[in-house]
>>> print(open('model-v4.cif').read())   # mmCIF, C-alpha atoms and all ligand atoms
data_protein
loop_
_atom_site.label_atom_id
_atom_site.label_comp_id
_atom_site.auth_asym_id
_atom_site.auth_seq_id
_atom_site.Cartn_x
_atom_site.Cartn_y
_atom_site.Cartn_z
CA MET Z 348 -46.89 37.41 -38.43
CA GLU Z 349 -44.55 37.09 -41.41
CA THR Z 350 -45.75 38.73 -44.62
CA PHE Z 351 -44.90 35.51 -46.43
CA THR Z 352 -47.30 33.57 -44.20
CA ILE Z 353 -50.10 35.85 -45.30
CA LEU Z 354 -49.10 35.49 -48.94
CA PHE Z 355 -48.97 31.69 -48.64
CA VAL Z 356 -52.33 31.40 -46.89
CA ALA Z 357 -53.88 33.79 -49.43
CA ALA Z 358 -52.55 31.77 -52.39
CA LEU Z 359 -53.63 28.47 -50.82
CA THR Z 360 -57.12 29.82 -50.12
CA ALA Z 361 -57.44 31.33 -53.59
CA SER Z 362 -56.34 28.19 -55.42
CA ALA Z 363 -58.56 25.98 -53.24
CA LEU Z 364 -61.57 28.22 -53.75
CA VAL Z 365 -61.06 28.37 -57.51
CA GLN Z 366 -60.74 24.58 -57.67
CA LEU Z 367 -63.84 24.05 -55.54
CA TRP Z 368 -65.79 26.52 -57.64
CA LEU Z 369 -64.70 24.79 -60.87
CA ALA Z 370 -65.59 21.37 -59.45
CA ARG Z 371 -69.00 22.65 -58.42
CA ARG Z 372 -69.55 24.03 -61.93
CA GLN Z 373 -68.60 20.63 -63.34
CA GLN Z 374 -71.13 18.84 -61.12
CA VAL Z 375 -73.91 21.24 -62.00
CA TYR Z 376 -73.15 21.20 -65.74
CA VAL Z 377 -72.87 17.42 -65.99
CA SER Z 378 -76.07 16.91 -63.96
CA ALA Z 379 -77.93 19.41 -66.11
CA HIS Z 380 -76.97 17.47 -69.26
CA ARG Z 381 -77.67 14.07 -67.75
CA ARG Z 382 -81.17 13.72 -69.14
CA GLN Z 383 -80.25 13.41 -72.81
CA VAL Z 384 -77.38 12.02 -74.86
CA PRO Z 385 -75.90 14.86 -76.97
CA ASP Z 386 -77.13 14.60 -80.58
CA ALA Z 387 -73.70 13.92 -82.03
CA PHE Z 388 -73.45 10.74 -79.92
CA SER Z 389 -77.06 9.57 -79.76
CA GLU Z 390 -76.52 6.76 -82.26
CA ARG Z 391 -73.62 5.17 -80.47
CA VAL Z 392 -74.11 5.95 -76.77
CA GLY Z 393 -77.18 4.64 -74.97
CA LEU Z 394 -79.11 6.65 -72.40
CA GLU Z 395 -78.14 4.27 -69.62
CA GLU Z 396 -74.45 4.59 -70.52
CA HIS Z 397 -74.84 8.35 -70.57
CA HIS Z 398 -76.41 8.29 -67.11
CA LYS Z 399 -73.58 6.14 -65.81
CA ALA Z 400 -70.97 8.58 -67.18
CA ALA Z 401 -72.76 11.51 -65.54
CA ASP Z 402 -73.07 9.77 -62.16
CA TYR Z 403 -69.48 8.57 -62.28
CA THR Z 404 -68.24 12.08 -63.10
CA VAL Z 405 -70.28 13.68 -60.31
CA VAL Z 406 -69.06 11.13 -57.75
CA LYS Z 407 -65.43 11.49 -58.82
CA THR Z 408 -65.67 15.28 -58.76
CA ARG Z 409 -67.12 15.26 -55.26
CA PHE Z 410 -64.35 12.91 -54.15
CA GLY Z 411 -61.81 15.31 -55.67
CA MET Z 412 -63.31 18.19 -53.68
CA ILE Z 413 -63.00 16.30 -50.39
CA GLN Z 414 -59.47 15.29 -51.28
CA LEU Z 415 -58.59 18.91 -52.04
CA ILE Z 416 -59.91 20.18 -48.70
CA TYR Z 417 -58.10 17.39 -46.87
CA GLY Z 418 -54.86 18.08 -48.77
CA SER Z 419 -55.03 21.81 -48.03
CA ALA Z 420 -55.63 21.16 -44.33
CA LEU Z 421 -52.69 18.75 -44.27
CA LEU Z 422 -50.43 21.27 -45.98
CA LEU Z 423 -51.33 23.83 -43.32
CA ALA Z 424 -50.70 21.27 -40.58
CA TRP Z 425 -47.28 20.38 -42.03
CA THR Z 426 -46.21 24.00 -42.36
CA LEU Z 427 -47.87 26.55 -40.06
CA GLY Z 428 -49.18 23.79 -37.78
CA GLY Z 429 -45.62 22.72 -36.98
CA GLY Z 430 -45.51 19.23 -38.53
CA LEU Z 431 -42.27 19.80 -40.44
CA GLU Z 432 -40.75 21.66 -37.49
CA TRP Z 433 -41.48 18.68 -35.24
CA LEU Z 434 -40.05 16.15 -37.70
CA ASP Z 435 -36.97 18.32 -38.22
CA GLN Z 436 -36.29 18.51 -34.47
CA LEU Z 437 -36.73 14.76 -34.24
CA TRP Z 438 -34.18 14.04 -36.99
CA ARG Z 439 -31.76 16.60 -35.58
CA SER Z 440 -31.98 14.90 -32.18
CA PHE Z 441 -30.64 11.65 -33.71
CA GLY Z 442 -27.34 13.40 -34.30
CA PHE Z 443 -26.61 12.07 -37.84
CA GLY Z 444 -24.49 14.07 -40.29
CA PRO Z 445 -26.22 16.84 -42.27
CA LEU Z 446 -26.50 14.72 -45.43
CA SER Z 447 -28.02 11.61 -43.87
CA SER Z 448 -30.38 13.52 -41.60
CA GLY Z 449 -31.47 15.57 -44.64
CA VAL Z 450 -32.21 12.45 -46.72
CA GLY Z 451 -33.78 10.72 -43.71
CA PHE Z 452 -35.98 13.68 -42.90
CA MET Z 453 -37.24 14.02 -46.47
CA LEU Z 454 -37.93 10.33 -47.05
CA CYS Z 455 -39.65 10.11 -43.68
CA ALA Z 456 -41.87 13.11 -44.49
CA MET Z 457 -42.77 11.61 -47.88
CA LEU Z 458 -43.62 8.26 -46.33
CA ILE Z 459 -45.92 9.91 -43.78
CA MET Z 460 -47.58 11.90 -46.58
CA GLY Z 461 -48.10 8.69 -48.51
CA LEU Z 462 -49.68 7.03 -45.47
CA LEU Z 463 -51.99 9.97 -44.92
CA GLU Z 464 -53.13 9.70 -48.57
CA LEU Z 465 -53.69 5.96 -48.30
CA PRO Z 466 -57.34 6.04 -47.13
CA PHE Z 467 -58.16 8.05 -50.25
CA ASP Z 468 -56.44 5.58 -52.56
CA LEU Z 469 -58.30 2.72 -50.88
CA TYR Z 470 -61.64 4.48 -51.12
CA HIS Z 471 -61.08 5.40 -54.75
CA THR Z 472 -60.14 1.88 -55.81
CA PHE Z 473 -62.38 -0.26 -53.63
CA VAL Z 474 -65.44 1.96 -53.29
CA ILE Z 475 -65.80 4.31 -56.26
CA GLU Z 476 -64.21 2.19 -59.00
CA GLU Z 477 -65.87 -0.89 -57.57
CA ARG Z 478 -69.29 0.73 -57.54
CA PHE Z 479 -69.05 1.66 -61.22
CA GLY Z 480 -67.73 -1.75 -62.19
CA PHE Z 481 -64.19 -0.68 -63.10
CA ASN Z 482 -62.18 -2.13 -60.27
CA ARG Z 483 -60.12 -5.24 -60.96
CA THR Z 484 -57.48 -4.58 -58.29
CA THR Z 485 -57.40 -7.30 -55.66
CA PRO Z 486 -56.23 -6.45 -52.12
CA GLY Z 487 -53.14 -8.53 -52.90
CA VAL Z 488 -52.26 -6.47 -55.99
CA PHE Z 489 -52.93 -3.27 -54.05
CA VAL Z 490 -50.53 -4.20 -51.25
CA THR Z 491 -47.85 -5.49 -53.65
CA ASP Z 492 -48.06 -2.24 -55.63
CA LEU Z 493 -47.71 -0.22 -52.46
CA VAL Z 494 -44.64 -2.16 -51.34
CA LYS Z 495 -43.01 -1.91 -54.77
CA GLN Z 496 -43.73 1.81 -55.06
CA THR Z 497 -42.29 2.49 -51.61
CA LEU Z 498 -39.15 0.47 -52.29
CA LEU Z 499 -38.69 2.25 -55.62
CA MET Z 500 -39.16 5.63 -53.98
CA VAL Z 501 -36.45 4.83 -51.45
CA ALA Z 502 -34.12 3.15 -53.96
CA ILE Z 503 -34.32 5.99 -56.49
CA GLY Z 504 -35.25 8.91 -54.24
CA ALA Z 505 -32.57 8.47 -51.57
CA PRO Z 506 -29.53 8.64 -53.89
CA MET Z 507 -31.10 11.46 -55.92
CA LEU Z 508 -31.77 13.49 -52.76
CA ALA Z 509 -28.30 12.76 -51.42
CA VAL Z 510 -26.70 14.04 -54.63
CA ALA Z 511 -28.89 17.18 -54.67
CA LEU Z 512 -28.18 17.97 -51.01
CA TRP Z 513 -24.48 17.32 -51.47
CA ILE Z 514 -24.35 19.77 -54.41
CA MET Z 515 -26.28 22.34 -52.39
CA GLY Z 516 -23.78 22.02 -49.59
CA VAL Z 517 -20.54 22.26 -51.55
CA SER Z 518 -21.06 24.29 -54.72
CA GLY Z 519 -21.82 27.83 -53.54
CA GLY Z 520 -24.25 30.37 -54.97
CA LEU Z 521 -24.85 28.61 -58.28
CA TRP Z 522 -25.87 25.30 -56.71
CA TRP Z 523 -29.33 25.53 -58.30
CA LEU Z 524 -27.79 25.43 -61.78
CA TYR Z 525 -25.79 22.28 -61.00
CA VAL Z 526 -28.76 20.63 -59.32
CA TRP Z 527 -30.80 21.46 -62.41
CA LEU Z 528 -28.20 19.83 -64.68
CA VAL Z 529 -28.18 16.68 -62.54
CA TRP Z 530 -31.97 16.73 -62.40
CA MET Z 531 -32.16 16.94 -66.20
CA VAL Z 532 -29.79 14.01 -66.65
CA PHE Z 533 -31.85 12.08 -64.09
CA THR Z 534 -35.13 12.96 -65.85
CA LEU Z 535 -33.76 11.89 -69.23
CA VAL Z 536 -32.44 8.62 -67.83
CA MET Z 537 -35.78 7.94 -66.10
CA PHE Z 538 -37.75 8.81 -69.19
CA TRP Z 539 -35.61 6.51 -71.23
CA ALA Z 540 -35.51 3.68 -68.68
CA TYR Z 541 -39.11 3.87 -67.43
CA PRO Z 542 -40.82 1.88 -70.21
CA ALA Z 543 -38.19 -0.87 -70.24
CA VAL Z 544 -37.20 -1.09 -66.57
CA ILE Z 545 -39.82 0.32 -64.22
CA ALA Z 546 -43.18 -0.19 -65.97
CA PRO Z 547 -42.55 -3.98 -66.34
CA LEU Z 548 -42.29 -4.21 -62.53
CA PHE Z 549 -46.00 -3.45 -62.40
CA ASN Z 550 -47.41 -4.80 -65.66
CA LYS Z 551 -46.79 -7.37 -68.35
CA PHE Z 552 -46.07 -6.06 -71.84
CA SER Z 553 -46.43 -8.28 -74.86
CA PRO Z 554 -46.00 -7.31 -78.53
CA LEU Z 555 -49.23 -6.36 -80.30
CA GLU Z 556 -49.94 -9.26 -82.56
CA ASN Z 557 -52.94 -8.61 -84.66
CA GLU Z 558 -52.83 -10.80 -87.75
CA ALA Z 559 -55.66 -8.92 -89.42
CA LEU Z 560 -53.68 -5.74 -89.13
CA LYS Z 561 -50.07 -6.80 -89.43
CA ALA Z 562 -49.38 -5.58 -92.97
CA ARG Z 563 -51.19 -2.28 -92.52
CA ILE Z 564 -49.51 -1.58 -89.21
CA GLN Z 565 -46.14 -2.33 -90.75
CA ALA Z 566 -46.85 0.06 -93.64
CA LEU Z 567 -47.90 2.75 -91.20
CA LEU Z 568 -44.80 2.24 -89.05
CA ASP Z 569 -42.48 2.31 -92.06
CA LYS Z 570 -44.03 5.55 -93.21
CA CYS Z 571 -43.41 7.10 -89.77
CA GLY Z 572 -39.96 5.59 -89.28
CA PHE Z 573 -41.03 3.85 -86.06
CA ARG Z 574 -39.47 0.52 -85.11
CA SER Z 575 -42.27 -2.05 -85.03
CA LYS Z 576 -40.83 -3.73 -81.92
CA GLY Z 577 -42.15 -0.76 -79.97
CA ILE Z 578 -45.86 -1.63 -79.97
CA PHE Z 579 -47.07 -3.39 -76.87
CA VAL Z 580 -50.22 -4.60 -75.21
CA MET Z 581 -50.27 -4.08 -71.45
CA ASP Z 582 -52.33 -6.11 -69.00
CA GLY Z 583 -54.24 -3.08 -67.70
CA SER Z 584 -57.10 -5.44 -66.81
CA LYS Z 585 -54.98 -6.54 -63.83
CA ARG Z 586 -56.06 -3.34 -62.04
CA SER Z 587 -58.95 -1.72 -63.85
CA GLY Z 588 -61.54 -2.01 -66.58
CA HIS Z 589 -60.52 1.37 -68.00
CA GLY Z 590 -58.88 1.26 -71.42
CA ASN Z 591 -56.31 3.57 -72.93
CA ALA Z 592 -53.32 3.89 -75.24
CA TYR Z 593 -50.21 5.99 -74.82
CA PHE Z 594 -46.83 6.80 -76.26
CA THR Z 595 -43.82 6.84 -73.96
CA GLY Z 596 -40.03 6.98 -73.75
CA PHE Z 597 -37.57 7.87 -76.48
CA GLY Z 598 -34.61 6.45 -78.35
CA ARG Z 599 -34.47 2.68 -78.39
CA ASN Z 600 -36.95 2.47 -75.52
CA LYS Z 601 -39.79 4.40 -77.12
CA ARG Z 602 -42.99 2.46 -77.33
CA ILE Z 603 -46.68 2.69 -77.99
CA VAL Z 604 -48.75 0.91 -75.39
CA PHE Z 605 -52.32 -0.34 -75.75
CA PHE Z 606 -54.23 -1.53 -72.69
CA ASP Z 607 -55.61 -5.02 -73.25
CA THR Z 608 -58.96 -3.62 -72.13
CA LEU Z 609 -58.88 -1.25 -75.11
CA VAL Z 610 -57.63 -3.70 -77.74
CA ASP Z 611 -60.37 -6.17 -76.85
CA GLY Z 612 -63.12 -3.67 -77.59
CA LEU Z 613 -61.81 -2.21 -80.86
CA GLU Z 614 -62.13 -3.34 -84.47
CA PRO Z 615 -58.84 -3.74 -86.41
CA GLU Z 616 -59.38 -0.46 -88.34
CA GLU Z 617 -59.98 1.33 -85.05
CA ILE Z 618 -56.78 -0.03 -83.56
CA GLU Z 619 -54.98 1.23 -86.63
CA ALA Z 620 -56.55 4.68 -86.21
CA VAL Z 621 -55.57 4.89 -82.52
CA LEU Z 622 -52.08 3.71 -83.42
CA ALA Z 623 -51.88 6.46 -86.07
CA HIS Z 624 -52.82 9.01 -83.40
CA GLU Z 625 -50.07 7.78 -81.06
CA LEU Z 626 -47.60 7.76 -83.96
CA GLY Z 627 -48.62 11.38 -84.48
CA HIS Z 628 -47.30 12.16 -80.99
CA PHE Z 629 -44.06 10.43 -81.94
CA LYS Z 630 -43.72 12.01 -85.39
CA LEU Z 631 -44.50 15.51 -84.15
CA LYS Z 632 -41.98 15.13 -81.30
CA HIS Z 633 -44.48 15.84 -78.54
CA VAL Z 634 -42.48 13.98 -75.89
CA GLN Z 635 -39.40 16.09 -76.64
CA LYS Z 636 -41.46 19.29 -76.57
CA ARG Z 637 -42.98 18.36 -73.24
CA LEU Z 638 -39.53 17.56 -71.84
CA LEU Z 639 -38.22 20.96 -72.99
CA THR Z 640 -41.15 22.75 -71.33
CA THR Z 641 -40.54 20.84 -68.11
CA ALA Z 642 -36.82 21.63 -68.31
CA GLY Z 643 -37.52 25.36 -68.67
CA LEU Z 644 -39.99 25.38 -65.81
CA SER Z 645 -37.72 23.45 -63.47
CA LEU Z 646 -34.80 25.77 -64.26
CA ALA Z 647 -36.97 28.76 -63.35
CA GLY Z 648 -38.19 26.95 -60.21
CA LEU Z 649 -34.69 26.01 -59.05
CA ALA Z 650 -33.34 29.53 -59.71
CA LEU Z 651 -36.15 30.84 -57.54
CA LEU Z 652 -35.34 28.27 -54.87
CA GLY Z 653 -31.67 29.30 -55.07
CA TRP Z 654 -32.77 32.70 -53.87
CA LEU Z 655 -35.49 31.57 -51.43
CA ALA Z 656 -33.18 29.13 -49.63
CA GLY Z 657 -31.11 32.08 -48.40
CA GLN Z 658 -34.07 34.00 -46.95
CA THR Z 659 -34.99 33.34 -43.33
CA TRP Z 660 -38.55 34.59 -43.89
CA PHE Z 661 -39.10 31.70 -46.33
CA TYR Z 662 -38.63 29.20 -43.47
CA ASN Z 663 -40.16 31.25 -40.67
CA GLY Z 664 -43.12 32.21 -42.84
CA LEU Z 665 -43.88 28.51 -43.34
CA GLY Z 666 -43.59 27.47 -39.72
CA VAL Z 667 -39.98 26.30 -39.63
CA SER Z 668 -37.42 27.86 -37.27
CA MET Z 669 -34.07 26.54 -38.55
CA PRO Z 670 -33.02 27.05 -42.18
CA SER Z 671 -31.33 24.12 -43.94
CA ASP Z 672 -30.86 22.92 -47.50
CA TYR Z 673 -33.16 19.94 -47.11
CA MET Z 674 -35.85 22.04 -45.48
CA ALA Z 675 -35.66 24.54 -48.37
CA LEU Z 676 -36.16 21.66 -50.85
CA MET Z 677 -38.99 20.17 -48.82
CA LEU Z 678 -40.87 23.44 -48.35
CA PHE Z 679 -40.46 24.26 -52.01
CA MET Z 680 -41.74 20.88 -53.20
CA MET Z 681 -44.73 21.10 -50.89
CA THR Z 682 -45.76 24.71 -51.45
CA ALA Z 683 -44.84 25.35 -55.10
CA PRO Z 684 -48.06 23.68 -56.40
CA VAL Z 685 -50.08 26.29 -54.49
CA PHE Z 686 -48.46 29.03 -56.55
CA THR Z 687 -48.13 27.20 -59.87
CA PHE Z 688 -51.76 26.10 -59.82
CA PHE Z 689 -52.64 29.05 -62.00
CA LEU Z 690 -50.35 27.67 -64.74
CA HIS Z 691 -52.62 24.63 -65.11
CA PRO Z 692 -54.76 26.05 -67.90
CA LEU Z 693 -51.61 26.84 -69.92
CA MET Z 694 -50.18 23.34 -69.53
CA ALA Z 695 -53.56 21.76 -70.27
CA ARG Z 696 -53.82 23.93 -73.36
CA LEU Z 697 -50.42 22.84 -74.63
CA SER Z 698 -51.44 19.22 -74.11
CA ARG Z 699 -54.76 19.69 -75.92
CA LYS Z 700 -52.91 21.35 -78.80
CA HIS Z 701 -50.78 18.21 -79.11
CA GLU Z 702 -53.91 16.05 -79.07
CA PHE Z 703 -55.43 18.04 -81.95
CA GLU Z 704 -52.18 17.73 -83.90
CA ALA Z 705 -51.99 13.97 -83.31
CA ASP Z 706 -55.63 13.62 -84.39
CA ALA Z 707 -54.93 15.59 -87.58
CA TYR Z 708 -51.96 13.35 -88.25
CA ALA Z 709 -54.09 10.26 -87.74
CA VAL Z 710 -56.72 11.57 -90.16
CA ALA Z 711 -54.04 12.15 -92.80
CA GLN Z 712 -52.45 8.72 -92.33
CA SER Z 713 -55.37 6.44 -91.70
CA GLY Z 714 -59.13 6.42 -91.55
CA GLY Z 715 -60.48 9.41 -89.62
CA HIS Z 716 -63.90 7.74 -89.40
CA ASP Z 717 -62.33 4.87 -87.53
CA LEU Z 718 -60.66 7.28 -85.13
CA VAL Z 719 -64.06 8.82 -84.35
CA THR Z 720 -65.71 5.47 -83.69
CA ALA Z 721 -62.71 4.35 -81.60
CA LEU Z 722 -62.90 7.53 -79.52
CA VAL Z 723 -66.62 7.21 -78.95
CA LYS Z 724 -66.08 3.64 -77.78
CA MET Z 725 -63.34 4.83 -75.42
CA TYR Z 726 -65.56 7.53 -73.94
CA ARG Z 727 -68.41 5.07 -73.58
CA GLU Z 728 -66.42 2.21 -72.06
CA ASN Z 729 -64.56 4.51 -69.65
CA ALA Z 730 -67.78 6.32 -68.66
CA SER Z 731 -66.08 9.64 -69.48
CA THR Z 732 -68.54 12.47 -69.58
CA LEU Z 733 -69.47 13.79 -73.03
CA THR Z 734 -70.59 17.07 -71.52
CA PRO Z 735 -67.90 18.55 -69.24
CA ASP Z 736 -68.21 22.13 -68.01
CA PRO Z 737 -66.16 24.13 -70.56
CA LEU Z 738 -64.29 26.13 -67.90
CA TYR Z 739 -63.55 23.10 -65.71
CA SER Z 740 -62.33 21.29 -68.79
CA ALA Z 741 -60.11 24.21 -69.87
CA PHE Z 742 -58.43 24.13 -66.45
CA HIS Z 743 -58.01 20.43 -65.93
CA ASP Z 744 -58.33 18.35 -69.09
CA SER Z 745 -55.26 17.19 -70.96
CA HIS Z 746 -57.54 16.06 -73.78
CA PRO Z 747 -60.15 18.19 -75.57
CA PRO Z 748 -63.80 17.50 -74.66
CA ALA Z 749 -65.32 14.70 -76.76
CA ALA Z 750 -67.60 16.90 -78.85
CA VAL Z 751 -64.89 19.46 -79.67
CA ARG Z 752 -62.38 16.78 -80.52
CA ILE Z 753 -64.70 14.88 -82.79
CA SER Z 754 -65.91 17.98 -84.58
CA HIS Z 755 -62.25 18.88 -85.27
CA ILE Z 756 -61.66 15.43 -86.75
CA SER Z 757 -64.82 15.65 -88.84
CA GLY Z 758 -63.69 19.05 -90.10
CA ARG Z 759 -60.37 17.52 -91.17
CA LEU Z 760 -62.24 14.71 -92.89
CA ARG Z 761 -64.43 17.13 -94.84
CA GLU Z 762 -61.35 19.09 -95.94
CA ALA Z 763 -59.69 15.87 -97.04
CA SER Z 764 -62.72 14.67 -99.01
CA ALA Z 765 -63.10 18.09 -100.64
CA GLY Z 766 -59.47 17.81 -101.78
CA VAL Z 767 -58.29 20.78 -99.73
CA THR Z 768 -54.81 20.25 -98.33
CA PRO Z 769 -54.61 21.50 -94.74
ZN ZN K 1 -52.99 11.61 -77.67
#
>>> encode(input="model-v4.cif", output="structure tokens", more="lines below")
Ligand SMILES: [Zn+2]
Amino acid sequence: METFTILFVAALTASALVQLWLARRQQVYVSAHRRQVPDAFSERVGLEEHHKAADYTVVKTRFGMIQLIYGSALLLAWTLGGGLEWLDQLWRSFGFGPLSSGVGFMLCAMLIMGLLELPFDLYHTFVIEERFGFNRTTPGVFVTDLVKQTLLMVAIGAPMLAVALWIMGVSGGLWWLYVWLVWMVFTLVMFWAYPAVIAPLFNKFSPLENEALKARIQALLDKCGFRSKGIFVMDGSKRSGHGNAYFTGFGRNKRIVFFDTLVDGLEPEEIEAVLAHELGHFKLKHVQKRLLTTAGLSLAGLALLGWLAGQTWFYNGLGVSMPSDYMALMLFMMTAPVFTFFLHPLMARLSRKHEFEADAYAVAQSGGHDLVTALVKMYRENASTLTPDPLYSAFHDSHPPAAVRISHISGRLREASAGVTP
């Protein structure tokens, strides 16, 4: 047996076991704190709502565990079980040129993967979300989404793959550097175009028009140098009762998006506070920082792939007999997450750091009290647990746990009222 096979199976087992262990911790911790609403929230979150959040978290975590085991088994079937080998032989037997069989093989593999994931998507939307009263997706919307996503994947993925494979074939030993450059241009274009071109294919976006807030919002935007045209309300209620707000894109296409489900539940001052938080992400250049981190990581990944693609053991060790550029890409995309899993806590930490910074910004610009009440409402309405397992949260959560986040904001507020400049 190839040494690399052993290494791969060991990494897959280790990451799966760690994830299962963390998920189990989360279930136990949340269940243990189910009985009572934490003191800090007892005035604004009812016991019944707290129970719902605990049950919802436990059910979702269990679902995640099953999905993880299924995904790991599938990955083994694709690689060591011969799935990719079989598909490769099939595409080779068609006798297309190297470029078209490469693109065909990869798209075909991705479509099959999508199909194999489908039962999980269906169960999540129509069983779990339904049971907790969040689902608004009709079967019609579900199917339309699926068709649109698949068409987009083919329309955008096929040319991108063709370009990458073409570069790999013609540009010699430094192909990974050129592919990286193309990938970066592609990422920037997608990031820029996504809010204006792709997101509207799935949702309606209308300008946030809140008369009660107009003047204050304008003052806030002027202070941050953000064009007011960029604030939108999205019809999130088309698919789900969950509410959220986010900041996306850059340049002329940057925008702050509120879900209609969130706007409906918030007071004007709370909307302003959430907006101030999102403007914090903009002002502190979090999108650019995240892009730079991704750029660095993908350069390292592609350099590694540049070396791996030339090693026969990389293919043989993962159940594939004939090396090719497209197979190197495919194997790398499928197996890299097994090895990079242990970077999760670092990425989550970076993201939480940005959340703290955006909160601090919001406190300085607008009412911090309103941010706290808005956050509590968001936790309550989304049935997010107020008591996650600290270790699980450190690994997985892009946002700090509710209690930690709110105590940070309160700390900032105390500093501000005591006249201490942070
Ligand atoms: Zn944020």
>>> atom_distance(input="model-v4.cif", atom1="CA of Phe594 in chain Z", atom2="CA of His716 in chain Z")
21.6 Å
>>> closest_residue(input="model-v4.cif", among="Z:Lys570, Z:Ala683, Z:Leu665, Z:Gly715", to="Phe351 in chain Z", atoms="all atoms listed in the file")
Z:Leu665
>>> residues_around(input="model-v4.cif", residues="range 389-391 of chain Z", least_positions_apart="4", cutoff="9 Å", atoms="all atoms listed in the file", output="ChimeraX atom specification")
/Z:383-385,720,723-724,727
>>> closest_atom_pairs(input="model-v4.cif", of="chain Z", to="ligand ZN 1 (chain K)", cutoff="12 Å", atoms="all atoms listed in the file", output="tab-separated table")
residue	atom	partner	partner_atom	distance
Z:Asn591	CA	K:ZN1	ZN	9.9
Z:Ala592	CA	K:ZN1	ZN	8.1
Z:Tyr593	CA	K:ZN1	ZN	6.9
Z:Phe594	CA	K:ZN1	ZN	7.9
Z:Thr595	CA	K:ZN1	ZN	11.0
Z:Ile603	CA	K:ZN1	ZN	10.9
Z:Val604	CA	K:ZN1	ZN	11.7
Z:Ala620	CA	K:ZN1	ZN	11.6
Z:Val621	CA	K:ZN1	ZN	8.7
Z:Leu622	CA	K:ZN1	ZN	9.8
Z:Ala623	CA	K:ZN1	ZN	9.9
Z:His624	CA	K:ZN1	ZN	6.3
Z:Glu625	CA	K:ZN1	ZN	5.9
Z:Leu626	CA	K:ZN1	ZN	9.1
Z:Gly627	CA	K:ZN1	ZN	8.1
Z:His628	CA	K:ZN1	ZN	6.6
Z:Phe629	CA	K:ZN1	ZN	10.0
Z:Leu631	CA	K:ZN1	ZN	11.4
Z:His633	CA	K:ZN1	ZN	9.5
Z:Val634	CA	K:ZN1	ZN	10.9
Z:Leu697	CA	K:ZN1	ZN	11.9
Z:Ser698	CA	K:ZN1	ZN	8.5
Z:Arg699	CA	K:ZN1	ZN	8.5
Z:Lys700	CA	K:ZN1	ZN	9.8
Z:His701	CA	K:ZN1	ZN	7.1
Z:Glu702	CA	K:ZN1	ZN	4.7
Z:Phe703	CA	K:ZN1	ZN	8.1
Z:Glu704	CA	K:ZN1	ZN	8.8
Z:Ala705	CA	K:ZN1	ZN	6.2
Z:Asp706	CA	K:ZN1	ZN	7.5
Z:Ala707	CA	K:ZN1	ZN	10.9
Z:Tyr708	CA	K:ZN1	ZN	10.8
Z:Ala709	CA	K:ZN1	ZN	10.2
Z:Leu718	CA	K:ZN1	ZN	11.5
Z:Leu722	CA	K:ZN1	ZN	10.9
Z:Ser745	CA	K:ZN1	ZN	9.0
Z:His746	CA	K:ZN1	ZN	7.5
Z:Pro747	CA	K:ZN1	ZN	9.9
Z:Arg752	CA	K:ZN1	ZN	11.1
>>> write_last_selection(input="model-v4.cif", atoms="C-alpha atoms", output="tab-separated table (two decimals), keeping the file's coordinate frame")
chain	number	residue	atom	x	y	z
Z	591	ASN	CA	-56.31	3.57	-72.93
Z	592	ALA	CA	-53.32	3.89	-75.24
Z	593	TYR	CA	-50.21	5.99	-74.82
Z	594	PHE	CA	-46.83	6.80	-76.26
Z	595	THR	CA	-43.82	6.84	-73.96
Z	603	ILE	CA	-46.68	2.69	-77.99
Z	604	VAL	CA	-48.75	0.91	-75.39
Z	620	ALA	CA	-56.55	4.68	-86.21
Z	621	VAL	CA	-55.57	4.89	-82.52
Z	622	LEU	CA	-52.08	3.71	-83.42
Z	623	ALA	CA	-51.88	6.46	-86.07
Z	624	HIS	CA	-52.82	9.01	-83.40
Z	625	GLU	CA	-50.07	7.78	-81.06
Z	626	LEU	CA	-47.60	7.76	-83.96
Z	627	GLY	CA	-48.62	11.38	-84.48
Z	628	HIS	CA	-47.30	12.16	-80.99
Z	629	PHE	CA	-44.06	10.43	-81.94
Z	631	LEU	CA	-44.50	15.51	-84.15
Z	633	HIS	CA	-44.48	15.84	-78.54
Z	634	VAL	CA	-42.48	13.98	-75.89
Z	697	LEU	CA	-50.42	22.84	-74.63
Z	698	SER	CA	-51.44	19.22	-74.11
Z	699	ARG	CA	-54.76	19.69	-75.92
Z	700	LYS	CA	-52.91	21.35	-78.80
Z	701	HIS	CA	-50.78	18.21	-79.11
Z	702	GLU	CA	-53.91	16.05	-79.07
Z	703	PHE	CA	-55.43	18.04	-81.95
Z	704	GLU	CA	-52.18	17.73	-83.90
Z	705	ALA	CA	-51.99	13.97	-83.31
Z	706	ASP	CA	-55.63	13.62	-84.39
Z	707	ALA	CA	-54.93	15.59	-87.58
Z	708	TYR	CA	-51.96	13.35	-88.25
Z	709	ALA	CA	-54.09	10.26	-87.74
Z	718	LEU	CA	-60.66	7.28	-85.13
Z	722	LEU	CA	-62.90	7.53	-79.52
Z	745	SER	CA	-55.26	17.19	-70.96
Z	746	HIS	CA	-57.54	16.06	-73.78
Z	747	PRO	CA	-60.15	18.19	-75.57
Z	752	ARG	CA	-62.38	16.78	-80.52
>>> residues_around(input="model-v4.cif", residues="range 528-534 of chain Z", least_positions_apart="3", cutoff="10 Å", atoms="all atoms listed in the file", output="JSON, numbers by chain")
{"Z": [507, 510, 511, 514, 522, 523, 524, 525, 537, 538, 539, 540, 638, 639, 641, 642, 645, 646]}
>>> closest_residue(input="model-v4.cif", among="Z:Val685, Z:Ile753, Z:Leu535, Z:Leu693", to="Gly598 in chain Z", atoms="all atoms listed in the file")
Z:Leu535
